[in-house]
Amino acid sequence: MSIPPRYLDRDTAISLLAAQGFNHLDIECVLDLTGPVHRHGAPVWPASAVERLAARAWWLHKNEIGLAMPEAA
């Protein structure tokens, strides 16, 4: 059985990235490159895409940005 994709609203994605040391320009870049998609009429970002791109930041250990957060959107 596959796990359904998770999505992040803009505020949740920004909070996640800021907590990992991303500045506002880095955050906007990640958000631009990973979405948004529209679900139920609202813009959201695929959590797996945000996590995968953010994990490429040179200052993070590759497992450091795991999605240990509540479900969003």
# chains A, B, ... in the order shown; residues from 1 in each chain; ligands from 1
$ residues_around --residues "range 7-14 of chain A" --least-positions-apart "2" --cutoff "7 Å" --atoms "only C-alpha atoms" --output "list in words"
Pro5, Leu16, Leu17, Ala18, Ile27, Pro43, Val44, Trp45, Pro46, Ala47, Ala72 and Ala73 of chain A
$ atom_distance --atom1 "CA of Leu25 in chain A" --atom2 "CA of Val37 in chain A"
20.4 Å
$ closest_residue --among "A:Val50, A:Pro4, A:Gln20, A:Arg56" --to "Thr34 in chain A" --atoms "only C-alpha atoms"
A:Val50
$ closest_residue --among "A:Cys29, A:Ala57, A:Ala42, A:Ala49" --to "Arg6 in chain A" --atoms "only C-alpha atoms"
A:Ala49
